Each structure stands twice: as C-alpha cells, then as structure tokens.
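Read through the structure below, which is laid out as structure tokens, and then see the notes.
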Amino acid sequence: MLGDNPMQSEFACHIGLRGRKFCRICHVEGDVEGAEAESSEVQESDPVDSDAGSVASGTSNRSKAGNAKRSQKKSETMAQMVQRVTNFISIGPLRNRTETRNILKSQFVEACRVGGNAEFKRLKTLHGIKDTFQAFFLDCLFAISTRCNIPKKHREKTMAELRKAFPTEITSPVWRIKDFDPHSDTPVEILHVILLGFVKYFWRDAIYRLSSEQRDILIARLSCFDTSGLGIPPLSGSTLVTYAGSLTGRDFCAIAQVAPFVLYDLLEKDLLEAWNALGILVPLVWQPQMDDDVHQHI
C-alpha cells in the first residue's frame with residue numbers, strides 16, 4: 001500500500017489506510033491498526049430518547065466502560081496472523097462509483113433520523129466509506145439529533161427544516177465529474193502523488209534502514225552538499241534526516257535530486273538502483289514543454 005498515497009483515499013471518500021476496509025479500490029478486509037477503535041465507536045449506543053437524562057448518562061457511562069474492555073487488543077495467534085496477512089494481499093470485490101454513491105445516500109438517510117447515529121457509524125465501518133465533504137452537513141444534523149434535553153418530535157422538526165437549507169448536492173464534488181471513478185482512476189498531481197507519495201516513502205524507508213552512525217554520516221553529507229547547481233538554498237541535513245516523516249514537498253523535491261549522491265554506500269545495490277531511476281524520472285515531471293515526440297519523452 002506504500003505506493004497508494006492517502007490522498008487517493010480522500011478522493012474516493014474512503015475511510016483510510018488504517019480502517020478495517022483499508023483499500024480504496026476493493027473490499028478486502030482485515031484487522032489493521034485502528035480497526036478496534038472504529039468497532040468500539042459503532043458499538044456505542046445513541047442517547048436514549050427520554051427526558052430522564054441521569055438514567056441515560058449512567059447507562060452511557062456503563063456502556064463506554066464495557067466497550068473499553070472489549071476494545072483491548074487480544075494476543076494474535078499464528079493462525080490469525082497468517083489469515084490477516086492473507087487477507088491483506090488478497091484482492092476483494094472491486095469498488096465502483098455507483099455503489100459508493102448509494103452507500104453515501106444510505107448514510108445520509110440514517111443521519112436524518114433521530115437515533116440514527118449508531119447505524120450511521122456502523123455503515124461507515126462496514127463499507128469503509130467516509131465523505132468528509134458530506135460530514136459537514138451530517139455533523140449539523142447530529143448536533144440536533146443527539147440533544148437529549150429536547151423532545152424527539154421537536155428534534156425531528158428542526159432537522160427537517162435544516163435539511164431544506166442544505167444544497168442540492170452535499171456529497172464530494174468528485175462524484176460530479178463525468179466518467180471519473182476515483183476507485184479505479186488515479187488522478188495524478190505532482191505534489192501528493194510524487195513528492196508526498198513515493199519520494200516521501202522512499203526517503204522514510206531509507207532513513208529507517210540506517211544505523212545511528214550512518215544517519216550521522218548522511219546528515220554531514222546533506223549539510224555539505226553543493227546545491228549551487230540546483231538553484232536551491234543549502235540543505236539542512238539534520239532536519240531532513242531527523243524529521244523524515246514530517247517534511248514538505250519542497251524538501252522532497254531537493255531530496256529526489258541529491259539522494260543518489262549521498263546514499264551511494266549506505267544502502268543495498270537494488271535500493272540504490274531504485275533511487276537512481278527515481279532521480280531520472282522526477283526531473284521529467286517538471287518539463288513545461290516537450291519539443292520531441294511524446295513517446296520519446298516517456
């Protein structure tokens with residue numbers, strides 16, 4: 001999944017790489033980091049539609065305490081680990097835009113119902129679909145539906161009036177792009193796909209493989225690197241190495257150009273060949289004009 005940038009999940013209204021349905025392209029399923037937390041959220045019940053606030057509060061507290069115990073991660077057996085890895089590398093039924101739009105409609109229907117918060121969370125975890133654009137409007141509905149100190153009929157009336165004020169389309173604009181399926185089509189833009197995509201993950205992987213002594217060598221090489229030919233300021237080796245996972249696109253743009261020269265004896269041969277190929281590829285992306293044939297450029 002390292003080659004699939006998290007931004008693509010955002011485009012596809014996918015719940016993210018840490019969800020139980022961790023793939024934006026298919027319905028492969030597995031227990032991955034964060035899945036237990038999602039499950040515990042779904043198990044929490046909505047506030048009881050009653051004026052007895054103290055009773056509802058006590059019940060909610062006991063429910064949360066029970067959920068906290070259930071959400072504790074259990075030790076994984078060898079068979080469970082094999083099954084989890086097998087699921088991870090398997091290809092599930094493919095997602096498509098029609099299916100996802102229908103799921104988002106179902107989520108909206110539940111959000112419009114007083115007491116539908118739990119079912120909404122269950123659907124979100126079940127399908128691995130979450131539209132952050134639509135979430136703004138759903139949060140407005142939940143802010144009303146979960147207020148226990150207001151009678152249910154009054155909440156329903158207020159929510160109905162609020163829905164009338166919503167725009168016609170409340171889902172992500174990506175679904176209004178004709179003939180575009182974010183599950184199968186990968187929109188390419190330099191910042192997130194290249195710099196904050198595979199260049200970032202290449203660099204994080206390289207730093208992870210180095211010992212503390214090798215990292216000190218790398219810091220010294222980066223700080224001493226002559227950048228006059230690149231037209232950029234001198235590099236801060238300490239920042240680029242210490243904060244490898246929190247750098248900006250500008251940092252990775254420089255890294256892609258200098259990495260083969262500073263990592264030449266710190267990584268295995270096949271990894272260095274990958275960096276060399278990346279160093280050749282990246283400059284081609286910034287070519288504003290192709291004078292020769294396109295196929296020759298590629």
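In the structure tokens, each chain is lettered A, B, ... as it comes, each chain's residues begin at 1, and ligands are numbered from 1 in order of appearance.
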
Point to revise | Contacts of Asp181 of chain A within 10 Å, only C-alpha atoms, excl. fewer than 2 positions in-chain, as a ChimeraX atom specification | key: /A:11-12,95-98,174-175,177-179,183-187

Kindly save the residues from that selection, with C-alpha atoms included, as a PDB file, in the first residue's frame.
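The resulting file, selection-v1.pdb, is reproduced below:
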ATOM      1  CA  PHE A  11     -10.661  11.436  -3.410  1.00  0.00           C
ATOM      2  CA  ALA A  12     -12.563   8.141  -3.250  1.00  0.00           C
ATOM      3  CA  ARG A  95     -15.495  -0.882  -5.584  1.00  0.00           C
ATOM      4  CA  ASN A  96     -17.278   1.390  -8.049  1.00  0.00           C
ATOM      5  CA  ARG A  97     -18.720   4.890  -8.020  1.00  0.00           C
ATOM      6  CA  THR A  98     -22.368   3.785  -8.213  1.00  0.00           C
ATOM      7  CA  VAL A 174     -15.573  14.380  -7.188  1.00  0.00           C
ATOM      8  CA  TRP A 175     -18.784  12.425  -7.805  1.00  0.00           C
ATOM      9  CA  ILE A 177     -17.029  14.676 -12.548  1.00  0.00           C
ATOM     10  CA  LYS A 178     -18.385  12.844 -15.570  1.00  0.00           C
ATOM     11  CA  ASP A 179     -16.871   9.428 -16.366  1.00  0.00           C
ATOM     12  CA  HIS A 183     -11.755   3.933  -7.030  1.00  0.00           C
ATOM     13  CA  SER A 184     -10.247   2.814 -10.326  1.00  0.00           C
ATOM     14  CA  ASP A 185      -8.919   6.049 -11.833  1.00  0.00           C
ATOM     15  CA  THR A 186      -5.868   7.558 -10.182  1.00  0.00           C
ATOM     16  CA  PRO A 187      -5.693  11.340 -10.611  1.00  0.00           C
TER      17      PRO A 187
END

Check your understanding: For Leu222 of chain A, which residue out of A:Phe22, A:Thr86, A:Ala254, A:Lys152 is the nearest one, using only C-alpha atoms?
Key ->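 For Leu222 of chain A, the nearest of the candidates is A:Ala254.
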
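Distances to His14 of chain A were evaluated for A:Ser172, A:Ser246, A:Gln83, A:Thr239 using only C-alpha atoms, and the minimum falls at A:Ser172.
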
Review point. So how many Å separate atom CA of Arg176 of chain A and atom CA of Arg101 of chain A, to one decimal?
Key: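 Atom CA of Arg101 of chain A lies at a distance of 10.6 Å from atom CA of Arg176 of chain A.
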
Review point. Contacts of Leu126 of chain A at 9 Å or less, counting only C-alpha atoms, minus same-chain residues fewer than 5 places along, as an MDAnalysis selection string?
Key: chainID A and resid 20:21 121

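Taking only C-alpha atoms into account, Leu104 of chain A lies nearest to A:Ala135 out of the set A:Cys23, A:Val241, A:Ala135, A:Leu247.
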
Exercise for review: Could you tell me how far atom CA of Gly30 of chain A lies from atom CA of Ser9 of chain A, in Å and to one decimal?
Suggested key: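 Answer for the atom CA of Gly30 of chain A to atom CA of Ser9 of chain A separation: 16.9 Å.
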
Residue contacts of Thr242 of chain A (12 Å, only C-alpha atoms) excluding same-chain residues fewer than 2 positions away, as a short mmCIF file (atom, residue, chain, number, x, y, z; two decimals) with C-alpha atoms, in the first residue's frame:
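In the end it all went to result00.cif:
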data_model
loop_
_atom_site.label_atom_id
_atom_site.label_comp_id
_atom_site.auth_asym_id
_atom_site.auth_seq_id
_atom_site.Cartn_x
_atom_site.Cartn_y
_atom_site.Cartn_z
CA TRP A 203 13.06 8.53 1.93
CA ARG A 204 11.38 7.29 5.11
CA ILE A 207 16.24 6.54 6.90
CA TYR A 208 14.64 3.61 8.73
CA LEU A 210 20.23 3.28 8.57
CA SER A 212 22.63 5.92 14.10
CA ARG A 215 22.47 8.72 9.89
CA ASP A 216 25.21 10.99 11.23
CA LEU A 218 24.08 11.19 5.94
CA ILE A 219 23.44 14.40 7.89
CA SER A 236 19.75 21.21 6.47
CA GLY A 237 20.90 17.64 6.89
CA SER A 238 19.72 17.38 10.47
CA THR A 239 16.17 18.42 9.56
CA LEU A 240 15.92 16.18 6.50
CA ALA A 244 11.98 12.46 7.61
CA GLY A 245 8.27 11.81 8.12
CA SER A 246 7.24 15.47 8.51
CA LEU A 247 8.89 17.20 5.57
#
